[in-house]
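Peer 1: My questions all concern the structure below.
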Amino acid sequence: MSYKFMEWKCSRWDTPVCDAPSMSLEALCIRGKLQIILDTSNVSVSRPKIKITFSKCMAFRSLQESYMTALWGRFEDYSWPGKTFFVDDSQWISELAAQDSLFSELSKDARHYVIATDAEVVEVITRHPPRIETL
């Protein structure tokens, strides 16, 4: 199976969970904003949950385990960016921009964020950096 991220150029997104040995996605909510709660209880008892809030996102997707296997395999031969990273020169942004002229205009300074948990990959396109909190 071919995945488009095989051609990704990634850069590290330093977060409290970028090097977490284990984390799971507890919640993904939309209420005018995108909130992602990551359970890192296997990592630290003192701060078991991290909330990442995107105040405005242009697009997001959450993909399940089969995508994860290929993602981890892709990084076996390349440098590991961690479990949170940016996709530079994102094909996904380019594809969406080609389909919609308004998105094309608004996405000129957008970033493609990736959060890879043990079983899911969440991708977000936004022009606004997220807020990260320890719960």
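Residue names in the structure tokens use chain letters A, B, ... in the order shown, residue numbers from 1 in each chain, and ligand numbers from 1 in the order shown.
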As a list in words, please: every residue in segment 3-65 of chain A that DSSP puts in strand (DSSP E or B).
Peer 2: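 So the strand (DSSP E or B) residues in segment 3-65 of chain A would be Lys9, Cys10, Ser11, Arg12, Ser24, Leu25, Glu26, Ala27, Leu28, Cys29, Ile30, Leu34, Gln35, Ile36, Ile37, Leu38, Asp39, Lys49, Ile50, Lys51, Ile52, Thr53, Phe54, Ala59, Phe60, Arg61, Ser62 and Leu63 of chain A.
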Peer 1: Next, write the just-selected residues to a file, as a compact mmCIF listing (two decimals), in the first residue's frame, keeping N, CA and C atoms as the atom set.
Peer 2:
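For reference, out_17.txt as written:
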# COMPACT_ATOMS: atom_id res chain seq x y z
N LYS A 9 8.75 15.65 4.00
CA LYS A 9 9.92 16.24 4.62
C LYS A 9 9.42 16.80 5.94
N CYS A 10 9.95 16.30 7.03
CA CYS A 10 9.43 16.64 8.35
C CYS A 10 10.44 17.41 9.18
N SER A 11 9.91 18.21 10.08
CA SER A 11 10.75 18.87 11.07
C SER A 11 10.11 18.68 12.44
N ARG A 12 10.93 18.62 13.43
CA ARG A 12 10.50 18.35 14.80
C ARG A 12 9.63 19.48 15.34
N SER A 24 -1.80 7.88 24.21
CA SER A 24 -3.02 7.54 23.50
C SER A 24 -3.90 8.78 23.36
N LEU A 25 -4.75 8.75 22.36
CA LEU A 25 -5.68 9.84 22.10
C LEU A 25 -6.93 9.59 22.92
N GLU A 26 -7.21 10.50 23.85
CA GLU A 26 -8.36 10.34 24.72
C GLU A 26 -9.59 11.04 24.18
N ALA A 27 -9.40 12.21 23.58
CA ALA A 27 -10.55 12.96 23.10
C ALA A 27 -10.17 13.82 21.91
N LEU A 28 -11.10 13.97 21.03
CA LEU A 28 -10.94 14.83 19.87
C LEU A 28 -12.27 15.55 19.72
N CYS A 29 -12.34 16.83 20.09
CA CYS A 29 -13.61 17.54 20.15
C CYS A 29 -13.59 18.78 19.27
N ILE A 30 -14.73 19.08 18.67
CA ILE A 30 -14.85 20.31 17.90
C ILE A 30 -15.98 21.14 18.49
N LEU A 34 -10.48 22.90 17.83
CA LEU A 34 -10.10 21.48 17.87
C LEU A 34 -9.27 21.25 19.12
N GLN A 35 -9.75 20.37 19.99
CA GLN A 35 -9.03 20.03 21.21
C GLN A 35 -8.63 18.57 21.16
N ILE A 36 -7.36 18.33 21.41
CA ILE A 36 -6.83 16.98 21.42
C ILE A 36 -6.26 16.73 22.80
N ILE A 37 -6.78 15.71 23.47
CA ILE A 37 -6.26 15.35 24.79
C ILE A 37 -5.48 14.06 24.65
N LEU A 38 -4.22 14.12 25.07
CA LEU A 38 -3.33 12.97 24.97
C LEU A 38 -3.08 12.41 26.36
N ASP A 39 -3.28 11.12 26.51
CA ASP A 39 -3.04 10.46 27.78
C ASP A 39 -1.62 9.91 27.78
N LYS A 49 -1.86 13.93 31.45
CA LYS A 49 -2.62 14.35 30.27
C LYS A 49 -2.10 15.69 29.74
N ILE A 50 -2.08 15.78 28.43
CA ILE A 50 -1.68 17.01 27.73
C ILE A 50 -2.83 17.39 26.82
N LYS A 51 -3.21 18.66 26.84
CA LYS A 51 -4.26 19.14 25.94
C LYS A 51 -3.64 20.08 24.93
N ILE A 52 -3.90 19.80 23.66
CA ILE A 52 -3.44 20.67 22.57
C ILE A 52 -4.69 21.26 21.93
N THR A 53 -4.78 22.58 21.94
CA THR A 53 -5.96 23.26 21.42
C THR A 53 -5.58 24.11 20.22
N PHE A 54 -6.23 23.82 19.11
CA PHE A 54 -6.09 24.63 17.91
C PHE A 54 -7.31 25.55 17.86
N ALA A 59 -8.29 22.41 8.34
CA ALA A 59 -8.62 21.02 8.02
C ALA A 59 -7.96 20.13 9.06
N PHE A 60 -8.56 18.98 9.31
CA PHE A 60 -7.92 17.98 10.15
C PHE A 60 -8.42 16.61 9.73
N ARG A 61 -7.63 15.61 10.06
CA ARG A 61 -8.03 14.23 9.84
C ARG A 61 -7.38 13.36 10.91
N SER A 62 -8.07 12.28 11.25
CA SER A 62 -7.57 11.33 12.22
C SER A 62 -7.59 9.97 11.55
N LEU A 63 -6.44 9.33 11.50
CA LEU A 63 -6.31 8.06 10.80
C LEU A 63 -5.91 6.97 11.78
Peer 1: Closest to Ala110 of chain A among A:Gly82, A:Pro48, A:Pro21, A:Pro129, using only C-alpha atoms?
Peer 2: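 Of A:Gly82, A:Pro48, A:Pro21, A:Pro129, the one nearest Ala110 of chain A is A:Pro129, counting only C-alpha atoms.
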Peer 1: A:Asp89, A:Ser41, A:Met58, A:Asp14: which is nearest Leu135 of chain A, counting only C-alpha atoms?
Peer 2: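 Using only C-alpha atoms, the shortest distance to Leu135 of chain A belongs to A:Ser41.
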Peer 1: Hey, can you check how far atom CA of Arg111 of chain A sits from atom CA of Arg127 of chain A?
Peer 2: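 So the two atoms, atom CA of Arg111 of chain A and atom CA of Arg127 of chain A, lie 6.1 Å apart.
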Peer 1: From the options A:Ile132, A:Ile125, A:Ala119, A:Val114, which residue's atoms come nearest to Leu96 of chain A, counting only C-alpha atoms?
Peer 2: A:Ile125
Peer 1: Mind pulling up the distance from atom CA of Glu120 of chain A to atom CA of Pro81 of chain A?
Peer 2: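 One can read the atom CA of Pro81 of chain A to atom CA of Glu120 of chain A distance as 16.4 Å.
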